[in-house]
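Asker: So I've got this file, entry09.cif, and it contains mmCIF, C-alpha atoms:
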```cif
data_model
#
loop_
_atom_site.label_atom_id
_atom_site.label_comp_id
_atom_site.auth_asym_id
_atom_site.auth_seq_id
_atom_site.Cartn_x
_atom_site.Cartn_y
_atom_site.Cartn_z
CA MET A 93 31.97 24.39 7.20
CA SER A 94 31.11 20.79 6.53
CA LYS A 95 30.04 19.97 3.02
CA LEU A 96 26.91 17.93 2.44
CA VAL A 97 28.00 14.63 0.94
CA PRO A 98 25.35 13.28 -1.40
CA ILE A 99 24.12 9.81 -0.50
CA ILE A 100 24.27 7.33 -3.34
CA MET A 101 20.87 5.77 -3.07
CA ASN A 102 20.24 2.09 -3.51
CA ASP A 103 17.10 0.01 -3.01
CA SER A 104 18.05 -1.24 0.44
CA LYS A 105 19.01 2.22 1.77
CA PHE A 106 15.87 3.74 0.29
CA MET A 107 13.69 1.10 1.91
CA THR A 108 15.29 1.78 5.28
CA ALA A 109 14.74 5.54 4.79
CA VAL A 110 11.06 5.05 3.96
CA ILE A 111 10.46 2.62 6.83
CA THR A 112 12.15 5.10 9.19
CA ASN A 113 9.87 7.83 7.84
CA ILE A 114 6.74 5.68 8.32
CA ARG A 115 7.84 4.70 11.84
CA LYS A 116 8.46 8.33 12.78
CA HIS A 117 4.79 9.13 12.22
CA MET A 118 3.24 5.86 13.38
CA LEU A 119 2.22 6.99 16.86
CA GLU A 120 0.80 10.32 15.69
CA ASP A 121 -0.96 8.52 12.83
CA GLU A 122 -2.63 6.06 15.17
CA LYS A 123 -3.89 8.89 17.38
CA ALA A 124 -5.24 10.71 14.32
CA GLY A 125 -7.08 7.61 13.07
CA ILE A 126 -4.69 7.05 10.18
CA ILE A 127 -4.33 3.30 9.57
CA LEU A 128 -1.55 1.79 7.47
CA LYS A 129 -3.16 -0.90 5.29
CA GLY A 130 -0.14 -2.05 3.31
CA ILE A 131 3.12 -1.13 1.62
CA ARG A 132 3.79 -1.78 -2.06
CA PHE A 133 7.15 -1.99 -3.79
CA PRO A 134 6.37 -1.41 -7.48
CA LYS A 135 8.66 -2.76 -10.16
CA THR A 136 7.39 -0.96 -13.26
CA LEU A 137 8.04 2.64 -12.21
CA LYS A 138 11.78 2.81 -13.03
CA ASP A 139 11.14 5.38 -15.79
CA PHE A 140 9.02 7.48 -13.45
CA ALA A 141 11.53 7.61 -10.57
CA ASP A 142 14.54 5.49 -9.67
CA HIS A 143 13.14 4.66 -6.23
CA VAL A 144 9.43 4.50 -5.40
CA ILE A 145 7.60 2.91 -2.47
CA LEU A 146 3.83 3.20 -2.03
CA ALA A 147 1.88 3.00 1.22
CA ASP A 148 -1.89 2.54 1.35
CA TYR A 149 -3.57 4.38 4.21
CA ASP A 150 -7.07 4.70 5.55
CA VAL A 151 -7.28 8.33 6.66
CA ALA A 152 -10.44 8.47 8.76
CA GLY A 153 -12.34 6.46 6.15
CA THR A 154 -10.66 8.04 3.11
CA LYS A 155 -8.49 5.76 0.98
CA THR A 156 -5.14 7.49 0.50
CA VAL A 157 -1.96 6.49 -1.30
CA ALA A 158 1.33 7.88 0.00
CA MET A 159 4.07 7.88 -2.63
CA PHE A 160 7.62 7.94 -1.31
CA THR A 161 10.44 8.97 -3.63
CA TRP A 162 14.03 10.03 -3.00
CA ASN A 163 14.77 13.73 -3.28
CA TYR A 164 18.45 14.00 -4.24
CA GLU A 165 18.55 17.77 -3.61
CA LYS A 166 17.14 17.53 -0.10
CA GLN A 167 18.85 14.18 0.44
CA ASP A 168 15.66 13.01 2.08
CA VAL A 169 12.46 11.11 1.41
CA ASP A 170 9.71 13.04 -0.41
CA VAL A 171 6.07 12.09 0.21
CA ASP A 172 3.03 12.88 -1.94
CA TYR A 173 -0.41 12.01 -0.54
CA ILE A 174 -3.14 11.25 -3.06
CA SER A 175 -6.69 10.67 -1.88
CA ILE A 176 -8.35 7.96 -3.98
CA ASN A 177 -11.83 7.81 -2.52
CA ASP A 178 -12.79 9.32 -5.86
CA LEU A 179 -10.36 7.46 -8.09
CA GLY A 180 -10.93 9.83 -11.03
CA GLN A 181 -10.08 12.82 -8.88
CA GLY A 182 -7.01 11.01 -7.52
CA TYR A 183 -5.83 10.29 -11.05
CA HIS A 184 -6.20 13.94 -12.06
CA ARG A 185 -4.37 15.08 -8.93
CA LEU A 186 -1.52 12.74 -9.85
CA ARG A 187 -1.53 14.15 -13.40
CA HIS A 188 -1.42 17.66 -11.92
CA LEU A 189 1.60 16.75 -9.76
CA TYR A 190 3.37 14.87 -12.56
CA PRO A 191 2.13 16.08 -15.97
CA ASP A 192 4.35 13.60 -17.88
CA ILE A 193 3.13 10.54 -16.01
CA LYS A 194 1.93 7.66 -18.21
CA GLN A 195 -1.46 6.10 -17.56
CA LYS A 196 0.20 2.74 -16.92
CA GLU A 197 2.39 4.32 -14.23
CA ALA A 198 -0.56 6.12 -12.66
CA ALA A 199 -2.47 2.82 -12.51
CA GLU A 200 0.43 1.13 -10.74
CA ILE A 201 0.67 3.99 -8.21
CA LEU A 202 -3.06 4.09 -7.51
CA GLY A 203 -3.25 0.29 -7.30
CA TYR A 204 -5.99 -0.31 -9.89
CA THR A 205 -6.05 -1.52 -13.49
CA GLN A 206 -5.46 0.92 -16.32
CA GLY A 207 -8.94 0.29 -17.78
CA TYR A 208 -10.70 1.02 -14.50
CA ILE A 209 -8.66 4.17 -13.91
CA SER A 210 -9.43 5.45 -17.41
CA LYS A 211 -13.17 4.82 -16.87
CA GLN A 212 -13.17 6.63 -13.52
CA ALA A 213 -11.13 9.53 -14.92
CA LYS A 214 -13.66 10.00 -17.76
CA LYS A 215 -16.54 9.86 -15.28
CA TYR A 216 -14.83 12.50 -13.12
CA ILE A 217 -14.35 14.86 -16.07
CA GLU A 218 -17.98 14.36 -17.17
CA GLU A 219 -19.20 15.18 -13.65
CA ARG A 220 -17.00 18.26 -13.47
CA ARG A 221 -18.31 19.44 -16.85
CA LYS A 222 -21.87 18.93 -15.64
CA MET A 223 -21.16 20.85 -12.43
CA HIS A 224 -19.48 23.63 -14.40
CA LYS A 225 -22.44 23.86 -16.78
CA MET A 226 -24.85 23.84 -13.84
CA GLY A 227 -22.84 26.69 -12.31
CA ILE A 228 -23.06 28.71 -15.54
CA ASP A 229 -26.81 28.08 -15.82
CA VAL A 230 -27.38 29.22 -12.24
CA TYR A 231 -25.27 32.33 -12.89
CA LEU A 232 -27.14 33.18 -16.11
CA LYS A 233 -30.53 32.68 -14.42
CA ALA A 234 -29.52 34.96 -11.56
CA LYS A 235 -28.20 37.53 -14.04
CA ASP A 236 -31.50 37.47 -16.02
CA LYS A 237 -33.50 37.88 -12.82
CA LYS A 238 -31.37 40.85 -11.80
CA GLU A 239 -31.81 42.52 -15.19
CA GLU A 240 -35.56 41.86 -15.16
CA SER A 241 -35.91 43.48 -11.75
CA LYS A 242 -34.12 46.59 -13.03
CA MET B 128 2.47 -19.62 28.45
CA ASN B 129 4.87 -16.90 29.31
CA LYS B 130 3.46 -13.64 27.97
CA ASN B 131 6.61 -11.59 28.33
CA SER B 132 5.39 -8.43 26.75
CA GLU B 133 2.12 -6.76 25.94
CA MET B 134 2.02 -6.50 22.17
CA THR B 135 0.03 -3.79 20.44
CA ASP B 136 -0.54 -3.45 16.71
CA LEU B 137 1.82 -0.50 16.66
CA SER B 138 4.68 -2.17 18.49
CA PHE B 139 4.23 -5.31 16.39
CA MET B 140 4.50 -3.22 13.25
CA GLY B 141 7.72 -1.74 14.64
CA LYS B 142 9.08 -5.25 15.28
CA VAL B 143 8.17 -6.24 11.71
CA PHE B 144 10.07 -3.27 10.32
CA ASP B 145 13.07 -4.26 12.45
CA TRP B 146 12.78 -7.83 11.17
CA ILE B 147 12.80 -6.58 7.55
CA SER B 148 15.72 -4.17 8.13
CA GLU B 149 17.82 -6.92 9.75
CA ARG B 150 17.41 -9.09 6.65
CA GLU B 151 18.53 -6.36 4.22
CA PHE B 152 15.75 -7.01 1.75
CA THR B 153 15.78 -4.82 -1.34
CA THR B 154 12.68 -3.30 -2.91
CA GLY B 155 13.24 -5.69 -5.84
CA GLU B 156 12.80 -8.68 -3.58
CA ILE B 157 9.78 -7.52 -1.59
CA THR B 158 6.62 -6.96 -3.61
CA SER B 159 4.36 -5.84 -0.81
CA ILE B 160 3.77 -5.85 2.93
CA ARG B 161 0.16 -6.50 3.86
CA PHE B 162 -1.63 -5.92 7.14
CA PRO B 163 -4.60 -8.24 6.67
CA LYS B 164 -7.89 -8.28 8.49
CA GLY B 165 -9.75 -11.50 9.13
CA LEU B 166 -6.82 -13.60 10.33
CA SER B 167 -7.36 -13.05 14.04
CA ARG B 168 -7.99 -16.76 14.60
CA MET B 169 -4.46 -17.44 13.39
CA SER B 170 -2.86 -14.89 15.73
CA ASP B 171 -3.66 -11.53 17.31
CA HIS B 172 -1.04 -9.87 15.07
CA VAL B 173 -0.39 -10.98 11.50
CA VAL B 174 1.65 -9.29 8.78
CA LEU B 175 2.15 -10.84 5.35
CA ILE B 176 5.20 -10.18 3.19
CA ASP B 177 5.09 -11.06 -0.51
CA TYR B 178 8.62 -11.55 -1.78
CA THR B 179 10.56 -13.13 -4.60
CA LEU B 180 13.34 -15.57 -3.90
CA LEU B 181 16.25 -15.62 -6.37
CA ARG B 182 14.24 -13.40 -8.74
CA LYS B 183 11.74 -16.12 -9.68
CA HIS B 184 10.34 -18.04 -6.73
CA LYS B 185 7.38 -16.11 -5.32
CA LYS B 186 6.87 -16.65 -1.59
CA ILE B 187 4.72 -15.34 1.24
CA ALA B 188 6.12 -14.84 4.72
CA ILE B 189 3.49 -15.00 7.48
CA LEU B 190 4.78 -13.02 10.42
CA THR B 191 3.16 -13.43 13.83
CA TRP B 192 4.28 -12.67 17.36
CA ASP B 193 5.71 -15.58 19.35
CA TYR B 194 4.81 -14.70 22.96
CA GLU B 195 6.85 -17.60 24.36
CA ASN B 196 10.12 -16.54 22.82
CA ASP B 197 9.32 -12.83 22.60
CA GLU B 198 10.21 -12.64 18.93
CA ILE B 199 8.73 -12.66 15.45
CA ARG B 200 7.71 -16.06 14.16
CA ALA B 201 8.10 -16.31 10.39
CA GLU B 202 6.42 -19.04 8.36
CA HIS B 203 7.25 -19.18 4.66
CA ILE B 204 4.92 -20.65 2.06
CA ASP B 205 4.82 -20.62 -1.75
CA ALA B 206 2.73 -17.85 -3.30
CA ASN B 207 1.57 -20.40 -5.88
CA ILE B 208 -1.81 -21.54 -4.51
CA ILE B 209 -1.38 -25.20 -5.52
CA GLU B 210 1.79 -25.73 -3.47
CA GLY B 211 1.19 -22.89 -1.02
CA TYR B 212 -2.23 -24.07 0.13
CA SER B 213 -1.02 -27.50 1.28
CA GLN B 214 1.91 -25.85 3.10
CA LEU B 215 -0.49 -23.42 4.74
CA LYS B 216 -2.85 -26.24 5.71
CA LYS B 217 0.06 -28.13 7.32
CA LEU B 218 1.03 -25.06 9.35
CA HIS B 219 -2.55 -24.09 10.23
CA PRO B 220 -4.78 -27.20 9.93
CA TYR B 221 -7.96 -25.36 10.87
CA ILE B 222 -7.59 -22.53 8.38
CA THR B 223 -10.75 -21.75 6.39
CA TYR B 224 -11.01 -20.98 2.66
CA ARG B 225 -11.77 -17.35 3.47
CA GLU B 226 -8.70 -17.05 5.68
CA SER B 227 -6.57 -18.75 3.02
CA ALA B 228 -7.87 -16.27 0.46
CA ASN B 229 -6.73 -13.47 2.77
CA VAL B 230 -3.25 -14.99 2.98
CA PHE B 231 -2.91 -15.41 -0.80
CA GLY B 232 -4.54 -12.03 -1.46
CA CYS B 233 -7.17 -13.48 -3.79
CA SER B 234 -10.86 -14.41 -3.81
CA VAL B 235 -12.34 -17.47 -2.10
CA SER B 236 -13.60 -18.74 -5.47
CA LYS B 237 -10.04 -18.63 -6.87
CA ILE B 238 -8.85 -20.77 -3.96
CA ASN B 239 -11.70 -23.26 -4.56
CA LYS B 240 -11.10 -23.37 -8.31
CA THR B 241 -7.35 -23.87 -7.95
CA ILE B 242 -7.54 -26.59 -5.31
CA PHE B 243 -10.30 -28.61 -6.94
CA GLN B 244 -9.15 -28.29 -10.54
#
```
Show this structure as structure tokens.
Answerer:
Amino acid sequence: MSKLVPIIMNDSKFMTAVITNIRKHMLEDEKAGIILKGIRFPKTLKDFADHVILADYDVAGTKTVAMFTWNYEKQDVDVDYISINDLGQGYHRLRHLYPDIKQKEAAEILGYTQGYISKQAKKYIEERRKMHKMGIDVYLKAKDKKEESK
Amino acid sequence: MNKNSEMTDLSFMGKVFDWISEREFTTGEITSIRFPKGLSRMSDHVVLIDYTLLRKHKKIAILTWDYENDEIRAEHIDANIIEGYSQLKKLHPYITYRESANVFGCSVSKINKTIFQ
């Protein structure tokens, strides 16, 4: 049985792997209305992952960031898709995927400044709290009505 | 003009990826690859590559499709607006401020401010 030989990854090889991955899906993407807007090669994410490439997509009108990293176990490219139409939601999704991520790193991945991300994240939490409270109020009102009718 | 091949956005993108792979760029050298809108007067397919030469000299490669030679045409300008703008103007004399802003990835007012300062 042949043994899987781990690939020692370098920047150039990783870039080729990511470009191959993007190319593989290009035709399907075009048919599905997924438009590649740009590719970013961040320099300040070395602590986050040794190799990261970011691609900005327009998925049928929704701004989406695809984050490519190298998975040493699978010996293949890993992709995470983060929708950033609601930047606050995108930030929290990123935090959910990578709990140890620093705000500076998240800002670099999402392609906005740290200050703007922090503002949007706060706004998102506030809105969620409001929605949650609204949900509780509706539930309590319905409960009261039910008890009254008894 | 000899239009040897019909070029679509998709096949042009493929050619650009080939062009990059042939040059063995590393992720440290390339900062970003941009697919700009609003440069259709320059060419029907334009891709911009922001890269760093010898770790300090920031450059922009303007890639377009050369229908005559059936290959990518690469024009290199400085990313620094002061030097880059005059190089861009030499290559594309009729380029507008808005189009230049698209190339440099900045606002029109920044172009105006930098040139007239």
Asker: Using atom CA of Asp177 of chain B and atom CA of Arg161 of chain B as the two end points, give the distance in Å to one decimal.
Answerer: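 It comes out at 8.0 Å.
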Asker: Kindly provide, as a ChimeraX atom specification, the residues of chain A having any atom no farther than 6 Å from an atom of chain B, counting only C-alpha atoms.
Answerer: /A:103-104,129-133
Asker: In Å, with one decimal, what is the gap from atom CA of Ser213 of chain B to atom CA of Gly203 of chain A?
Answerer: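 The value is 29.2 Å.
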Asker: Please indicate the distance in Å from atom CA of Lys185 of chain B to atom CA of Lys237 of chain B, rounded to one decimal place.
Answerer: 17.7 Å
Asker: When distances are computed from only C-alpha atoms, which of A:Gly180, A:Lys116, A:Lys233, A:Lys135 shows the smallest separation from Gly207 of chain A?
Answerer: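 Selected residue with least distance to Gly207 of chain A: A:Gly180.
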Asker: Need the shell around segment 112-114 of chain A: protein/DNA/RNA residues with any atom at most 8 Å away, counting all atoms listed in the file. Skip same-chain ones fewer than 4 positions apart. Format as a ChimeraX atom specification?
Answerer: /A:108,118,169
Asker: For Ser227 of chain B, find every residue with an atom within 9 Å (counting only C-alpha atoms), except residues of its own chain fewer than 6 positions away, and show them as a ChimeraX atom specification.
Answerer: /B:166,212,215-216,233,235,238
Asker: Please evaluate the PyMOL selection byres ((chain A and resi 175) around 8) against the displayed coordinates and give the resulting residues as a ChimeraX atom specification.
Answerer: /A:154-157,173-174,176-179,182
Asker: Run the PyMOL selection byres ((chain B and resi 170) around 12) mentally over the shown coordinates, then write out the matched residues as a list in words, using the chain letters and numbers from the document.
Answerer: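 For this structure, the PyMOL selection byres ((chain B and resi 170) around 12) resolves to Met134, Asp136, Phe139, Pro163, Lys164, Gly165, Leu166, Ser167, Arg168, Met169, Asp171, His172, Val173, Val174, Ile189, Leu190, Thr191, Trp192, Asp193, Tyr194, Ile199, Arg200, His219, Ile222 and Glu226 of chain B.
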Asker: Evaluating the PyMOL selection byres ((chain A and resi 161) around 12) on the displayed file yields which residues, as a PyMOL selection string?
Answerer: chain A and resi 101-103+106-107+109-110+113+133-134+137-138+140-147+158-160+162-173+201
Asker: Which residues come within 10 Å of Ala199 of chain A, counting all atoms listed in the file, excluding same-chain residues fewer than 4 positions away, as a list in words?
Answerer: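 Here the answer would be Tyr183, Lys194, Gln195, Gly203, Tyr204, Thr205, Gln206, Gly207, Tyr208, Ile209 and Ser210 of chain A.
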